[in-house]
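Text of model-v8.cif, listed as mmCIF, C-alpha atoms:
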data_my_file
#
loop_
_atom_site.label_atom_id
_atom_site.label_comp_id
_atom_site.auth_asym_id
_atom_site.auth_seq_id
_atom_site.Cartn_x
_atom_site.Cartn_y
_atom_site.Cartn_z
CA MET D 1 3.24 -30.96 -22.07
CA VAL D 2 1.72 -32.64 -19.01
CA ASN D 3 -1.88 -33.70 -19.67
CA ALA D 4 -1.72 -31.87 -23.01
CA CYS D 5 -3.13 -28.66 -21.52
CA PRO D 6 -3.56 -26.12 -24.36
CA SER D 7 -1.98 -23.35 -22.26
CA VAL D 8 1.53 -23.83 -20.91
CA THR D 9 1.22 -20.74 -18.71
CA ALA D 10 -2.15 -21.81 -17.26
CA TRP D 11 -0.70 -25.18 -16.28
CA ARG D 12 2.36 -23.54 -14.73
CA VAL D 13 0.14 -21.26 -12.63
CA ALA D 14 -1.87 -24.27 -11.43
CA ARG D 15 1.41 -25.97 -10.56
CA HIS D 16 2.50 -22.98 -8.45
CA ARG D 17 -0.84 -22.95 -6.61
CA ALA D 18 -0.49 -26.64 -5.84
CA ARG D 19 3.10 -26.29 -4.66
CA HIS D 20 2.01 -23.48 -2.35
CA GLN D 21 -0.35 -25.94 -0.64
CA LEU D 22 2.54 -28.34 -0.13
CA LEU D 23 5.55 -26.14 0.55
CA GLU D 24 3.90 -23.30 2.50
CA ARG D 25 0.90 -25.37 3.68
CA GLY D 26 -1.43 -22.91 1.96
CA ALA D 27 -0.39 -20.17 4.39
CA VAL D 28 -1.45 -17.37 2.03
CA PHE D 29 -4.18 -19.06 0.02
CA THR D 30 -5.90 -22.36 0.71
CA ASP D 31 -7.17 -24.36 -2.24
CA PRO D 32 -8.28 -27.90 -1.33
CA LEU D 33 -8.46 -28.94 -5.01
CA ALA D 34 -5.17 -27.43 -6.20
CA ILE D 35 -3.16 -30.65 -5.83
CA ARG D 36 -5.90 -32.97 -7.02
CA VAL D 37 -6.46 -31.04 -10.23
CA MET D 38 -2.81 -31.64 -11.15
CA GLY D 39 -3.43 -35.36 -11.53
CA ALA D 40 -0.37 -37.59 -11.54
CA GLU D 41 2.00 -34.61 -11.40
CA GLY D 42 0.56 -33.66 -8.03
CA GLU D 43 2.45 -36.58 -6.47
CA THR D 44 5.85 -35.12 -7.42
CA LEU D 45 5.34 -31.42 -6.71
CA ALA D 46 6.72 -31.45 -3.16
CA THR D 47 10.09 -32.83 -4.24
CA ALA D 48 10.76 -30.41 -7.11
CA GLY D 49 13.29 -27.73 -6.24
CA ASP D 50 12.86 -23.98 -6.62
CA GLY D 51 14.73 -22.11 -9.32
CA PRO D 52 15.87 -18.49 -8.89
CA GLY D 53 12.92 -16.28 -7.97
CA GLU D 54 10.45 -19.16 -8.10
CA LYS D 55 9.31 -18.96 -4.49
CA GLY D 56 8.47 -15.27 -4.87
CA PHE D 57 6.58 -15.98 -8.08
CA ARG D 58 4.68 -18.82 -6.41
CA LEU D 59 3.71 -16.62 -3.48
CA PHE D 60 2.44 -13.94 -5.84
CA MET D 61 0.16 -16.52 -7.49
CA ALA D 62 -1.24 -17.26 -4.04
CA ILE D 63 -1.47 -13.58 -3.06
CA ARG D 64 -3.49 -12.49 -6.07
CA SER D 65 -5.93 -15.40 -5.62
CA ARG D 66 -6.32 -14.61 -1.93
CA ILE D 67 -7.10 -10.94 -2.59
CA ALA D 68 -9.60 -11.83 -5.32
CA GLU D 69 -11.44 -14.31 -3.12
CA ASP D 70 -11.35 -11.94 -0.13
CA ARG D 71 -13.03 -9.29 -2.26
CA LEU D 72 -15.54 -11.80 -3.60
CA ALA D 73 -16.50 -12.69 -0.03
CA HIS D 74 -17.23 -8.99 0.63
CA ALA D 75 -19.25 -8.81 -2.59
CA VAL D 76 -21.39 -11.78 -1.62
CA ARG D 77 -22.06 -10.21 1.79
CA ARG D 78 -23.39 -7.08 0.11
CA GLY D 79 -25.70 -9.14 -2.09
CA VAL D 80 -23.78 -9.90 -5.30
CA ARG D 81 -24.88 -13.23 -6.77
CA GLN D 82 -22.91 -13.35 -10.03
CA ALA D 83 -19.17 -14.06 -10.18
CA VAL D 84 -17.23 -14.08 -13.43
CA VAL D 85 -13.81 -15.71 -13.71
CA LEU D 86 -12.18 -14.19 -16.77
CA GLY D 87 -9.52 -16.50 -18.17
CA GLY D 88 -10.29 -19.46 -15.92
CA GLY D 89 -7.37 -21.65 -16.97
CA VAL D 90 -7.01 -24.48 -14.45
CA ASP D 91 -8.52 -22.41 -11.64
CA THR D 92 -10.72 -24.38 -9.22
CA PHE D 93 -12.96 -21.72 -7.67
CA GLY D 94 -16.01 -22.69 -9.69
CA LEU D 95 -15.66 -26.28 -8.51
CA ARG D 96 -15.43 -25.41 -4.80
CA ASN D 97 -17.76 -22.39 -4.76
CA PRO D 98 -18.29 -21.82 -1.02
CA TYR D 99 -21.21 -19.47 -1.71
CA GLU D 100 -23.33 -21.84 -3.74
CA ARG D 101 -25.75 -22.11 -0.83
CA HIS D 102 -26.16 -18.32 -0.98
CA GLY D 103 -27.12 -18.53 -4.64
CA LEU D 104 -23.81 -17.40 -6.17
CA GLY D 105 -23.54 -18.41 -9.80
CA VAL D 106 -20.07 -18.65 -11.33
CA PHE D 107 -19.39 -17.97 -14.99
CA GLU D 108 -15.96 -19.14 -16.09
CA VAL D 109 -14.73 -17.55 -19.30
CA ASP D 110 -11.90 -18.92 -21.44
CA ARG D 111 -10.98 -19.89 -24.98
CA PRO D 112 -13.11 -22.75 -26.35
CA VAL D 113 -10.09 -25.04 -26.81
CA MET D 114 -9.06 -24.49 -23.18
CA GLN D 115 -12.52 -25.18 -21.85
CA ASP D 116 -12.94 -28.33 -23.94
CA TRP D 117 -9.68 -29.65 -22.54
CA LYS D 118 -10.60 -28.65 -18.97
CA ARG D 119 -13.92 -30.47 -19.09
CA ARG D 120 -12.20 -33.66 -20.24
CA HIS D 121 -9.41 -33.24 -17.68
CA LEU D 122 -11.80 -32.72 -14.75
CA ALA D 123 -13.74 -35.81 -15.79
CA ARG D 124 -10.50 -37.84 -15.83
CA MET D 125 -9.67 -36.52 -12.35
CA GLY D 126 -13.14 -37.47 -11.08
CA LEU D 127 -13.96 -33.84 -10.25
CA LEU D 128 -17.63 -32.96 -10.63
CA VAL D 129 -18.81 -29.65 -12.07
CA PRO D 130 -21.51 -28.18 -9.80
CA ARG D 131 -24.73 -26.73 -11.18
CA SER D 132 -23.63 -23.28 -10.02
CA LEU D 133 -20.73 -23.26 -12.55
CA THR D 134 -21.30 -22.28 -16.17
CA TYR D 135 -18.54 -22.42 -18.77
CA VAL D 136 -18.52 -19.53 -21.23
CA PRO D 137 -16.36 -20.08 -24.34
CA VAL D 138 -14.97 -16.68 -25.33
CA ASP D 139 -11.74 -15.62 -27.01
CA PHE D 140 -11.07 -12.07 -25.78
CA ALA D 141 -9.37 -11.17 -29.06
CA GLN D 142 -12.19 -12.40 -31.31
CA ASP D 143 -15.50 -12.75 -29.48
CA SER D 144 -17.94 -10.48 -27.67
CA LEU D 145 -17.59 -11.00 -23.93
CA ARG D 146 -21.01 -9.47 -23.32
CA ALA D 147 -22.74 -11.70 -25.87
CA GLY D 148 -20.99 -14.82 -24.58
CA LEU D 149 -21.98 -14.13 -20.99
CA VAL D 150 -25.57 -13.17 -21.78
CA ASN D 151 -26.02 -16.29 -23.91
CA ALA D 152 -24.79 -18.33 -20.93
CA GLY D 153 -27.38 -16.79 -18.59
CA PHE D 154 -25.46 -13.86 -17.11
CA ASP D 155 -27.68 -10.85 -16.32
CA PRO D 156 -25.86 -7.58 -17.22
CA GLY D 157 -28.52 -5.66 -15.31
CA GLN D 158 -27.56 -7.23 -11.98
CA PRO D 159 -24.43 -6.67 -9.83
CA ALA D 160 -21.43 -8.87 -10.50
CA PHE D 161 -17.90 -9.56 -9.32
CA PHE D 162 -15.10 -10.18 -11.83
CA SER D 163 -11.80 -11.98 -11.23
CA TRP D 164 -9.23 -11.54 -14.01
CA LEU D 165 -5.96 -13.11 -12.91
CA GLY D 166 -2.94 -13.84 -15.07
CA VAL D 167 -4.57 -12.61 -18.27
CA VAL D 168 -3.89 -8.90 -18.83
CA PRO D 169 -0.23 -9.29 -19.95
CA TYR D 170 -1.31 -11.61 -22.78
CA LEU D 171 -3.88 -9.26 -24.30
CA THR D 172 -3.58 -6.16 -26.45
CA ARG D 173 -4.38 -2.81 -24.87
CA ALA D 174 -7.44 -2.53 -27.08
CA ASP D 175 -8.83 -5.84 -25.80
CA ILE D 176 -8.02 -4.90 -22.19
CA GLY D 177 -9.80 -1.57 -22.54
CA GLN D 178 -12.84 -3.16 -24.16
CA THR D 179 -13.14 -5.68 -21.32
CA LEU D 180 -12.80 -2.99 -18.66
CA ARG D 181 -15.48 -0.86 -20.30
CA PHE D 182 -17.87 -3.80 -20.32
CA VAL D 183 -17.25 -4.50 -16.63
CA SER D 184 -17.68 -0.87 -15.61
CA GLY D 185 -21.12 -0.87 -17.22
CA ILE D 186 -22.40 -3.58 -14.88
CA PRO D 187 -24.23 -2.15 -11.82
CA ASP D 188 -22.25 -2.38 -8.56
CA ALA D 189 -19.44 -4.11 -10.46
CA GLU D 190 -16.07 -4.89 -8.93
CA ILE D 191 -13.00 -6.35 -10.62
CA VAL D 192 -9.74 -7.75 -9.30
CA PHE D 193 -6.88 -8.25 -11.74
CA ASP D 194 -3.10 -8.19 -11.91
CA TYR D 195 -0.63 -6.56 -14.24
CA GLY D 196 3.11 -6.29 -14.67
CA GLU D 197 5.31 -3.26 -15.13
CA PRO D 198 7.48 -2.87 -18.24
CA VAL D 199 10.56 -5.09 -18.07
CA GLU D 200 12.82 -2.05 -18.35
CA ASN D 201 11.52 -0.89 -14.95
CA TYR D 202 13.31 -3.81 -13.30
CA HIS D 203 16.98 -3.88 -12.35
CA GLY D 204 19.83 -6.32 -11.80
CA ASP D 205 19.06 -10.02 -11.32
CA HIS D 206 15.35 -9.28 -11.10
CA ARG D 207 15.40 -7.82 -14.59
CA LYS D 208 17.32 -10.83 -15.89
CA ARG D 209 14.64 -13.15 -14.50
CA MET D 210 11.90 -11.06 -16.07
CA GLU D 211 13.67 -11.15 -19.42
CA GLU D 212 14.00 -14.93 -19.13
CA ARG D 213 10.30 -15.29 -18.35
CA GLY D 214 9.45 -13.06 -21.28
CA ARG D 215 11.50 -15.22 -23.63
CA PHE D 216 9.93 -18.38 -22.23
CA VAL D 217 6.29 -17.34 -22.64
CA ALA D 218 7.07 -16.14 -26.16
CA SER D 219 8.71 -19.49 -26.96
CA VAL D 220 5.54 -21.40 -26.03
CA GLY D 221 3.34 -19.14 -28.14
CA GLU D 222 1.92 -17.04 -25.29
CA PRO D 223 3.92 -13.80 -25.45
CA TRP D 224 3.43 -10.78 -23.23
CA LEU D 225 1.60 -8.14 -25.25
CA SER D 226 0.84 -5.47 -22.64
CA ARG D 227 2.74 -4.28 -19.59
CA PHE D 228 1.93 -1.03 -17.80
CA SER D 229 3.38 1.61 -15.56
CA PRO D 230 0.99 2.34 -12.67
CA VAL D 231 0.26 5.77 -14.16
CA ALA D 232 -0.71 4.24 -17.51
CA MET D 233 -2.86 1.55 -15.91
CA HIS D 234 -4.72 4.03 -13.71
CA ALA D 235 -5.39 6.25 -16.73
CA MET D 236 -6.82 3.27 -18.63
CA LEU D 237 -9.06 2.41 -15.68
CA ARG D 238 -10.36 5.97 -15.38
CA ASP D 239 -10.99 6.12 -19.12
CA ALA D 240 -12.97 2.87 -18.82
CA GLY D 241 -15.18 4.35 -16.10
CA PHE D 242 -13.51 3.20 -12.86
CA ASN D 243 -13.24 5.82 -10.13
CA ALA D 244 -12.44 3.71 -7.05
CA ILE D 245 -9.03 2.15 -7.64
CA THR D 246 -6.77 0.36 -5.16
CA ASP D 247 -3.44 -0.71 -6.65
CA TYR D 248 -1.34 -3.02 -4.48
CA ASP D 249 2.35 -2.78 -5.36
CA ARG D 250 5.10 -4.71 -3.56
CA ALA D 251 4.77 -2.64 -0.39
CA GLY D 252 0.99 -2.68 -0.59
CA LEU D 253 0.87 -6.45 -0.94
CA SER D 254 3.08 -6.88 2.12
CA ALA D 255 0.94 -4.45 4.10
CA TYR D 256 -2.24 -6.31 3.04
CA PHE D 257 -1.03 -9.39 4.90
CA GLY D 258 0.63 -7.54 7.75
CA TRP D 259 4.11 -8.55 6.63
CA PRO D 260 7.15 -6.29 7.17
CA VAL D 261 7.37 -3.75 4.36
CA SER D 262 10.83 -3.71 2.82
CA ARG D 263 11.95 -0.60 0.98
CA SER D 264 15.35 -1.99 0.05
CA GLY D 265 14.26 -4.36 -2.70
CA PRO D 266 13.59 -3.59 -6.38
CA GLU D 267 10.90 -0.98 -6.86
CA ALA D 268 9.22 -2.57 -9.88
CA GLY D 269 7.07 -5.62 -9.48
CA PRO D 270 3.67 -7.18 -10.04
CA HIS D 271 0.51 -5.34 -9.06
CA VAL D 272 -2.94 -6.45 -7.95
CA VAL D 273 -5.76 -3.99 -8.61
CA VAL D 274 -9.20 -3.79 -7.01
CA ALA D 275 -11.46 -1.42 -8.95
CA ARG D 276 -15.07 -0.29 -8.93
CA PRO D 277 -16.88 2.30 -11.09
CA ALA D 278 -17.83 4.33 -7.99
#

Just dump the structure as structure tokens.
Amino acid sequence: MVNACPSVTAWRVARHRARHQLLERGAVFTDPLAIRVMGAEGETLATAGDGPGEKGFRLFMAIRSRIAEDRLAHAVRRGVRQAVVLGGGVDTFGLRNPYERHGLGVFEVDRPVMQDWKRRHLARMGLLVPRSLTYVPVDFAQDSLRAGLVNAGFDPGQPAFFSWLGVVPYLTRADIGQTLRFVSGIPDAEIVFDYGEPVENYHGDHRKRMEERGRFVASVGEPWLSRFSPVAMHAMLRDAGFNAITDYDRAGLSAYFGWPVSRSGPEAGPHVVVARPA
């Protein structure tokens, strides 16, 4: 694949973020490095056409990033100085950390093979890694997240903000629960993540597109392992120690941005969750 990125899905998400900067002028989420990090492919992104449902998918990539960074801004204002990006992929936040002058340290967690590739890729693109960014090589399915973070300089006794975008569907429920329990044990912790409903909750053409996406991610070796109904997700969060839960469904996401809320579309869809232990 392009640039030999170890994760097909991570590269596709980065591509959607970059196309949002070009096609919607970053109207939902502005990322000044999104196009540059794509390298040579960035030059062709504006001319590529949208397939069925692609614009909606692209906007959701922007929406979830916007909500996460909005919440991080609030966290910094209340004194949080540790941010953890779980499953960093080709995300650029750690490179453009706007709160570095406030002392915010960013810990980016991902599989070792992904981080090795990313370091080489950023060097090829001429993108410098700031001192405030620390890479933490952790495989959620095999390694201890706590140990990896602590070894990298993270202080589990201090408040922290966690961003976990585009990862939950690819993990087992056991690994998801273990990660949530770790986060809930951090003082004044907050986490933003997204999840998808079971494919059978979708209908008509929307369900067909979801089935196609499911087949695609499985074909590239990154299958969906966990999808949740809202009831099941909220129960998992409560069991993990989270009591303050905001779950943005389709209507909630529209309301967040002040867009008209349509009740005529499919009920199932992606969700963005903001959760705190208290």

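Among the candidate residues D:Glu43, D:Asp175, D:Glu211, D:Asp91, the one lying nearest to Lys118 of chain D is D:Asp91, with distances computed using all atoms listed in the file.
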
Exercise. Taking the file as shown, what set of residues would the PyMOL selection byres ((chain D and resi 82-90) around 8) give back, as a VMD selection string?
Worked result: chain D and resid 7 10 to 11 14 37 72 80 to 81 91 to 92 104 to 111 114 to 115 118 154 158 to 167

Atoms to include: C-alpha atoms. Write the selected residues as a PDB file, in the frame of the given file.
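Result file is again.pdb:
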ATOM      1  CA  SER D   7      -1.980 -23.350 -22.260  1.00  0.00           C
ATOM      2  CA  ALA D  10      -2.150 -21.810 -17.260  1.00  0.00           C
ATOM      3  CA  TRP D  11      -0.700 -25.180 -16.280  1.00  0.00           C
ATOM      4  CA  ALA D  14      -1.870 -24.270 -11.430  1.00  0.00           C
ATOM      5  CA  VAL D  37      -6.460 -31.040 -10.230  1.00  0.00           C
ATOM      6  CA  LEU D  72     -15.540 -11.800  -3.600  1.00  0.00           C
ATOM      7  CA  VAL D  80     -23.780  -9.900  -5.300  1.00  0.00           C
ATOM      8  CA  ARG D  81     -24.880 -13.230  -6.770  1.00  0.00           C
ATOM      9  CA  ASP D  91      -8.520 -22.410 -11.640  1.00  0.00           C
ATOM     10  CA  THR D  92     -10.720 -24.380  -9.220  1.00  0.00           C
ATOM     11  CA  LEU D 104     -23.810 -17.400  -6.170  1.00  0.00           C
ATOM     12  CA  GLY D 105     -23.540 -18.410  -9.800  1.00  0.00           C
ATOM     13  CA  VAL D 106     -20.070 -18.650 -11.330  1.00  0.00           C
ATOM     14  CA  PHE D 107     -19.390 -17.970 -14.990  1.00  0.00           C
ATOM     15  CA  GLU D 108     -15.960 -19.140 -16.090  1.00  0.00           C
ATOM     16  CA  VAL D 109     -14.730 -17.550 -19.300  1.00  0.00           C
ATOM     17  CA  ASP D 110     -11.900 -18.920 -21.440  1.00  0.00           C
ATOM     18  CA  ARG D 111     -10.980 -19.890 -24.980  1.00  0.00           C
ATOM     19  CA  MET D 114      -9.060 -24.490 -23.180  1.00  0.00           C
ATOM     20  CA  GLN D 115     -12.520 -25.180 -21.850  1.00  0.00           C
ATOM     21  CA  LYS D 118     -10.600 -28.650 -18.970  1.00  0.00           C
ATOM     22  CA  PHE D 154     -25.460 -13.860 -17.110  1.00  0.00           C
ATOM     23  CA  GLN D 158     -27.560  -7.230 -11.980  1.00  0.00           C
ATOM     24  CA  PRO D 159     -24.430  -6.670  -9.830  1.00  0.00           C
ATOM     25  CA  ALA D 160     -21.430  -8.870 -10.500  1.00  0.00           C
ATOM     26  CA  PHE D 161     -17.900  -9.560  -9.320  1.00  0.00           C
ATOM     27  CA  PHE D 162     -15.100 -10.180 -11.830  1.00  0.00           C
ATOM     28  CA  SER D 163     -11.800 -11.980 -11.230  1.00  0.00           C
ATOM     29  CA  TRP D 164      -9.230 -11.540 -14.010  1.00  0.00           C
ATOM     30  CA  LEU D 165      -5.960 -13.110 -12.910  1.00  0.00           C
ATOM     31  CA  GLY D 166      -2.940 -13.840 -15.070  1.00  0.00           C
ATOM     32  CA  VAL D 167      -4.570 -12.610 -18.270  1.00  0.00           C
TER      33      VAL D 167
END

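Across D:Ala75, D:Leu133, D:Met210, D:Ala218, the tightest approach to Gly53 of chain D is made by D:Met210 when counting all atoms listed in the file.
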
Closest atom pairs, segment 176-198 of chain D residues within 9 Å of segment 242-261 of chain D, all atoms listed in the file, as a Markdown table:
| residue | atom | partner | partner_atom | distance |
| --- | --- | --- | --- | --- |
| D:Leu180 | CA | D:Phe242 | CA | 8.5 |
| D:Arg181 | CA | D:Phe242 | CA | 8.7 |
| D:Ser184 | CA | D:Phe242 | CA | 6.4 |

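Atom CA of Val8 of chain D lies 16.2 Å from atom CA of Gly42 of chain D.
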